[in-house]
Amino acid sequence: MYAPYVFLLLVLLTCCEGYRLGPPLSACSDMRPTGHPYDPQNITSPFTFTLNATSYQPGDVIEVFLNSSGEWFMEGVLIQARASDCALQVPAVGTFSVQTDDIFLEPFNCFGRSASAIRHYSHYRIYNRTFYWTAPSQSVGDVYLKATVARNQAKYWLNVMSDTILDVSDNKRETCGAANTAVTVVTLLMTLAFTFILY
């Protein structure tokens, strides 16, 4: 007599438990929201990172604070740590963890690697969040945190960056920015040299 009701209850519980909000695996590479028919915001992001360390060694744990300014709140995030080294072919480095019973964030397995990213799993209106990044066990050079933060479907920001986290165990790596600067300086010097020769 109660069998149909029990079956219906089990189906509902399974659906509710299995449904998770948050970005899918397909968003891991370009970190663009899926299902948002809007362009990203082109004004300065109201969301910023604050870290409790500016450098790391392999295995270090850094506390990260994602903060919003003014009355802005966030309803969605996707965060990864990226290496600054142009030649390093690793899409995301280190692992993430969250505070116990966090109602908004959870580690996310991008690129087949456990906890290589962090994402939202609910749509609460959140003004700030604290979480943790653990550096990889081997040196990857300087890194930075990269985030996509959504206020709602219509308003979201790509490439929200933290300051660079310096790898003090390996100072020989050349960052993309440093490499580009070096090329620019060399080009400028060569241009000046040719100018003097011609005149």
# chains A, B, ... in the order shown; residues from 1 in each chain; ligands from 1

call {"tool": "residues_around", "arguments": {"residues": "Pro37 in chain A", "least_positions_apart": "5", "cutoff": "12 Å", "atoms": "only C-alpha atoms", "output": "JSON, numbers by chain"}}
result
{"A": [32, 152, 153, 154, 155, 156]}

call {"tool": "residues_around", "arguments": {"residues": "Ser122 in chain A", "least_positions_apart": "4", "cutoff": "9 Å", "atoms": "only C-alpha atoms", "output": "count of residues only"}}
result
8

call {"tool": "residues_around", "arguments": {"residues": "Val93 in chain A", "least_positions_apart": "2", "cutoff": "7 Å", "atoms": "only C-alpha atoms", "output": "ChimeraX atom specification"}}
result
/A:81-83,90-91,95,116,136

call {"tool": "write_last_selection", "arguments": {"atoms": "all heavy atoms", "output": "compact mmCIF listing (two decimals), in the first residue's frame"}}
result
# COMPACT_ATOMS: atom_id res chain seq x y z
N ALA A 81 44.71 27.99 -9.51
CA ALA A 81 46.05 28.56 -9.40
C ALA A 81 46.79 28.22 -10.69
O ALA A 81 46.82 27.05 -11.09
CB ALA A 81 46.79 28.00 -8.19
N ARG A 82 47.35 29.22 -11.31
CA ARG A 82 48.06 29.03 -12.59
C ARG A 82 49.53 29.40 -12.41
O ARG A 82 49.87 30.33 -11.68
CB ARG A 82 47.44 29.90 -13.67
CG ARG A 82 45.97 29.59 -13.99
CD ARG A 82 45.84 28.34 -14.80
NE ARG A 82 44.46 27.99 -15.12
CZ ARG A 82 43.85 28.32 -16.26
NH1 ARG A 82 44.49 29.04 -17.18
NH2 ARG A 82 42.61 27.92 -16.49
N ALA A 83 50.39 28.69 -13.12
CA ALA A 83 51.82 28.99 -13.09
C ALA A 83 52.12 30.17 -13.99
O ALA A 83 51.54 30.30 -15.08
CB ALA A 83 52.63 27.77 -13.52
N VAL A 90 51.13 22.97 -17.47
CA VAL A 90 50.24 22.46 -16.42
C VAL A 90 49.12 23.48 -16.26
O VAL A 90 49.37 24.63 -15.90
CB VAL A 90 51.00 22.28 -15.08
CG1 VAL A 90 50.04 21.75 -14.02
CG2 VAL A 90 52.17 21.34 -15.25
N PRO A 91 47.88 23.10 -16.55
CA PRO A 91 46.80 24.08 -16.55
C PRO A 91 46.43 24.62 -15.18
O PRO A 91 45.95 25.74 -15.06
CB PRO A 91 45.62 23.31 -17.18
CG PRO A 91 45.95 21.87 -16.94
CD PRO A 91 47.43 21.77 -16.98
N THR A 95 46.50 22.40 -4.83
CA THR A 95 45.15 21.93 -4.49
C THR A 95 44.46 22.93 -3.56
O THR A 95 45.13 23.74 -2.91
CB THR A 95 45.20 20.56 -3.79
OG1 THR A 95 46.03 20.64 -2.63
CG2 THR A 95 45.75 19.49 -4.73
N SER A 116 41.89 20.46 -7.78
CA SER A 116 42.76 21.39 -8.51
C SER A 116 42.10 22.73 -8.77
O SER A 116 42.72 23.63 -9.33
CB SER A 116 43.20 20.77 -9.84
OG SER A 116 42.06 20.44 -10.62
N PRO A 136 52.00 22.72 -4.74
CA PRO A 136 52.39 21.36 -5.13
C PRO A 136 53.68 20.94 -4.44
O PRO A 136 54.44 21.78 -3.95
CB PRO A 136 52.55 21.46 -6.65
CG PRO A 136 52.76 22.91 -6.92
CD PRO A 136 52.01 23.66 -5.87

call {"tool": "residues_around", "arguments": {"residues": "Leu51 in chain A", "least_positions_apart": "3", "cutoff": "8 Å", "atoms": "only C-alpha atoms", "output": "CSV table (one decimal) with C-alpha atoms, in the first residue's frame"}}
result
chain,number,residue,atom,x,y,z
A,54,THR,CA,53.4,36.6,-0.8
A,62,ILE,CA,48.3,29.7,2.0
A,63,GLU,CA,45.1,31.2,3.4
A,64,VAL,CA,43.1,33.1,0.7
A,65,PHE,CA,40.4,35.7,1.3

call {"tool": "select_by_dssp", "arguments": {"residues": "range 71-177 of chain A", "states": "strand (DSSP E)", "output": "PyMOL selection string"}}
result
chain A and resi 76-83+95-98+105-108+117-120+128-134+143-150+156-161+166-167

call {"tool": "write_last_selection", "arguments": {"atoms": "C-alpha atoms", "output": "mmCIF file, in the first residue's frame"}}
result
data_model
loop_
_atom_site.group_PDB
_atom_site.id
_atom_site.type_symbol
_atom_site.label_atom_id
_atom_site.label_comp_id
_atom_site.auth_asym_id
_atom_site.auth_seq_id
_atom_site.Cartn_x
_atom_site.Cartn_y
_atom_site.Cartn_z
ATOM 1 C CA GLY A 76 29.151 32.035 -8.409
ATOM 2 C CA VAL A 77 32.915 31.476 -8.599
ATOM 3 C CA LEU A 78 35.496 29.270 -10.262
ATOM 4 C CA ILE A 79 39.090 29.617 -9.034
ATOM 5 C CA GLN A 80 42.373 27.989 -10.066
ATOM 6 C CA ALA A 81 46.054 28.563 -9.402
ATOM 7 C CA ARG A 82 48.059 29.031 -12.586
ATOM 8 C CA ALA A 83 51.822 28.989 -13.087
ATOM 9 C CA THR A 95 45.155 21.929 -4.488
ATOM 10 C CA PHE A 96 42.349 23.743 -2.685
ATOM 11 C CA SER A 97 40.479 23.148 0.545
ATOM 12 C CA VAL A 98 37.635 24.976 2.264
ATOM 13 C CA LEU A 105 32.485 26.699 -1.826
ATOM 14 C CA GLU A 106 33.801 23.214 -2.532
ATOM 15 C CA PRO A 107 36.987 21.784 -4.089
ATOM 16 C CA PHE A 108 36.556 20.830 -7.737
ATOM 17 C CA ALA A 117 40.134 24.137 -8.489
ATOM 18 C CA ILE A 118 37.449 25.555 -6.274
ATOM 19 C CA ARG A 119 33.863 26.398 -7.207
ATOM 20 C CA HIS A 120 30.499 27.402 -5.769
ATOM 21 C CA ASN A 128 33.528 37.222 1.192
ATOM 22 C CA ARG A 129 35.015 33.788 1.621
ATOM 23 C CA THR A 130 38.118 32.250 3.134
ATOM 24 C CA PHE A 131 39.714 29.114 1.705
ATOM 25 C CA TYR A 132 43.159 27.535 1.352
ATOM 26 C CA TRP A 133 45.614 26.792 -1.432
ATOM 27 C CA THR A 134 48.253 24.097 -0.919
ATOM 28 C CA VAL A 143 51.971 31.327 -9.431
ATOM 29 C CA TYR A 144 48.837 33.462 -9.230
ATOM 30 C CA LEU A 145 45.187 32.779 -8.517
ATOM 31 C CA LYS A 146 42.769 33.266 -11.359
ATOM 32 C CA ALA A 147 39.016 33.512 -10.871
ATOM 33 C CA THR A 148 35.750 33.963 -12.658
ATOM 34 C CA VAL A 149 33.265 35.640 -10.335
ATOM 35 C CA ALA A 150 29.561 36.024 -11.093
ATOM 36 C CA TYR A 156 30.260 38.343 -14.264
ATOM 37 C CA TRP A 157 33.991 39.032 -14.391
ATOM 38 C CA LEU A 158 36.693 36.967 -16.074
ATOM 39 C CA ASN A 159 40.391 36.986 -15.154
ATOM 40 C CA VAL A 160 40.099 38.242 -11.591
ATOM 41 C CA MET A 161 43.745 37.852 -10.537
ATOM 42 C CA LEU A 166 56.685 33.972 -5.519
ATOM 43 C CA ASP A 167 58.287 30.530 -5.457
#

call {"tool": "atom_distance", "arguments": {"atom1": "CA of Gln138 in chain A", "atom2": "CA of Leu25 in chain A"}}
result
25.4 Å

call {"tool": "residues_around", "arguments": {"residues": "Asn67 in chain A", "least_positions_apart": "2", "cutoff": "10 Å", "atoms": "only C-alpha atoms", "output": "list in words"}}
result
Pro46, Phe47, Thr48, Phe49, Thr50, Val64, Phe65, Ser69, Gly70, Trp72, Phe73, Met74, Ile126, Tyr127, Asn128, Arg129 and Thr130 of chain A

call {"tool": "atom_distance", "arguments": {"atom1": "CA of Tyr56 in chain A", "atom2": "CA of Asn109 in chain A"}}
result
22.6 Å

call {"tool": "residues_around", "arguments": {"residues": "Thr34 in chain A", "least_positions_apart": "5", "cutoff": "8 Å", "atoms": "only C-alpha atoms", "output": "list in words"}}
result
Pro23, Pro24 and Ala27 of chain A

call {"tool": "decode", "arguments": {"residues": "range 27-44 of chain A", "atoms": "N, CA, C and O atoms", "output": "PDB file, in the first residue's frame"}}
result
ATOM      1  N   ALA A  27      33.962  24.007 -18.069  1.00  0.00           N
ATOM      2  CA  ALA A  27      34.402  25.380 -17.791  1.00  0.00           C
ATOM      3  C   ALA A  27      35.837  25.443 -17.287  1.00  0.00           C
ATOM      4  O   ALA A  27      36.376  26.540 -17.115  1.00  0.00           O
ATOM      5  N   CYS A  28      36.463  24.300 -17.049  1.00  0.00           N
ATOM      6  CA  CYS A  28      37.800  24.297 -16.440  1.00  0.00           C
ATOM      7  C   CYS A  28      38.855  25.005 -17.283  1.00  0.00           C
ATOM      8  O   CYS A  28      39.711  25.703 -16.749  1.00  0.00           O
ATOM      9  N   SER A  29      38.808  24.825 -18.596  1.00  0.00           N
ATOM     10  CA  SER A  29      39.881  25.350 -19.449  1.00  0.00           C
ATOM     11  C   SER A  29      39.855  26.864 -19.585  1.00  0.00           C
ATOM     12  O   SER A  29      40.814  27.553 -19.235  1.00  0.00           O
ATOM     13  N   ASP A  30      38.747  27.399 -20.094  1.00  0.00           N
ATOM     14  CA  ASP A  30      38.706  28.850 -20.321  1.00  0.00           C
ATOM     15  C   ASP A  30      38.029  29.609 -19.181  1.00  0.00           C
ATOM     16  O   ASP A  30      38.016  30.836 -19.173  1.00  0.00           O
ATOM     17  N   MET A  31      37.460  28.868 -18.219  1.00  0.00           N
ATOM     18  CA  MET A  31      36.854  29.450 -17.030  1.00  0.00           C
ATOM     19  C   MET A  31      35.727  30.424 -17.354  1.00  0.00           C
ATOM     20  O   MET A  31      35.444  31.343 -16.607  1.00  0.00           O
ATOM     21  N   ARG A  32      35.076  30.200 -18.485  1.00  0.00           N
ATOM     22  CA  ARG A  32      33.930  31.034 -18.862  1.00  0.00           C
ATOM     23  C   ARG A  32      32.648  30.366 -18.376  1.00  0.00           C
ATOM     24  O   ARG A  32      32.497  29.152 -18.488  1.00  0.00           O
ATOM     25  N   PRO A  33      31.697  31.139 -17.868  1.00  0.00           N
ATOM     26  CA  PRO A  33      30.424  30.555 -17.429  1.00  0.00           C
ATOM     27  C   PRO A  33      29.695  29.909 -18.599  1.00  0.00           C
ATOM     28  O   PRO A  33      29.736  30.412 -19.724  1.00  0.00           O
ATOM     29  N   THR A  34      29.049  28.803 -18.332  1.00  0.00           N
ATOM     30  CA  THR A  34      28.243  28.153 -19.356  1.00  0.00           C
ATOM     31  C   THR A  34      26.780  28.517 -19.142  1.00  0.00           C
ATOM     32  O   THR A  34      26.321  28.657 -18.011  1.00  0.00           O
ATOM     33  N   GLY A  35      26.067  28.696 -20.230  1.00  0.00           N
ATOM     34  CA  GLY A  35      24.657  29.033 -20.134  1.00  0.00           C
ATOM     35  C   GLY A  35      24.386  30.480 -19.791  1.00  0.00           C
ATOM     36  O   GLY A  35      23.274  30.830 -19.406  1.00  0.00           O
ATOM     37  N   HIS A  36      25.411  31.335 -19.899  1.00  0.00           N
ATOM     38  CA  HIS A  36      25.220  32.772 -19.663  1.00  0.00           C
ATOM     39  C   HIS A  36      25.234  33.483 -21.016  1.00  0.00           C
ATOM     40  O   HIS A  36      26.296  33.638 -21.618  1.00  0.00           O
ATOM     41  N   PRO A  37      24.118  33.929 -21.530  1.00  0.00           N
ATOM     42  CA  PRO A  37      24.088  34.571 -22.856  1.00  0.00           C
ATOM     43  C   PRO A  37      24.491  36.040 -22.781  1.00  0.00           C
ATOM     44  O   PRO A  37      23.911  36.883 -23.458  1.00  0.00           O
ATOM     45  N   TYR A  38      25.489  36.346 -21.977  1.00  0.00           N
ATOM     46  CA  TYR A  38      25.916  37.729 -21.799  1.00  0.00           C
ATOM     47  C   TYR A  38      27.440  37.802 -21.892  1.00  0.00           C
ATOM     48  O   TYR A  38      28.144  36.833 -21.603  1.00  0.00           O
ATOM     49  N   ASP A  39      27.942  38.961 -22.278  1.00  0.00           N
ATOM     50  CA  ASP A  39      29.382  39.179 -22.306  1.00  0.00           C
ATOM     51  C   ASP A  39      29.885  39.498 -20.902  1.00  0.00           C
ATOM     52  O   ASP A  39      29.132  40.031 -20.076  1.00  0.00           O
ATOM     53  N   PRO A  40      31.167  39.207 -20.627  1.00  0.00           N
ATOM     54  CA  PRO A  40      31.712  39.556 -19.310  1.00  0.00           C
ATOM     55  C   PRO A  40      31.772  41.061 -19.111  1.00  0.00           C
ATOM     56  O   PRO A  40      31.804  41.827 -20.075  1.00  0.00           O
ATOM     57  N   GLN A  41      31.814  41.479 -17.879  1.00  0.00           N
ATOM     58  CA  GLN A  41      31.902  42.896 -17.549  1.00  0.00           C
ATOM     59  C   GLN A  41      33.251  43.455 -17.991  1.00  0.00           C
ATOM     60  O   GLN A  41      34.281  42.777 -17.901  1.00  0.00           O
ATOM     61  N   ASN A  42      33.264  44.690 -18.475  1.00  0.00           N
ATOM     62  CA  ASN A  42      34.518  45.330 -18.879  1.00  0.00           C
ATOM     63  C   ASN A  42      34.916  46.457 -17.926  1.00  0.00           C
ATOM     64  O   ASN A  42      35.759  47.287 -18.255  1.00  0.00           O
ATOM     65  N   ILE A  43      34.296  46.498 -16.769  1.00  0.00           N
ATOM     66  CA  ILE A  43      34.703  47.449 -15.736  1.00  0.00           C
ATOM     67  C   ILE A  43      35.518  46.703 -14.683  1.00  0.00           C
ATOM     68  O   ILE A  43      35.488  45.474 -14.612  1.00  0.00           O
ATOM     69  N   THR A  44      36.258  47.449 -13.883  1.00  0.00           N
ATOM     70  CA  THR A  44      37.114  46.829 -12.878  1.00  0.00           C
ATOM     71  C   THR A  44      36.294  45.954 -11.941  1.00  0.00           C
ATOM     72  O   THR A  44      35.226  46.352 -11.468  1.00  0.00           O
TER      73      THR A  44
END
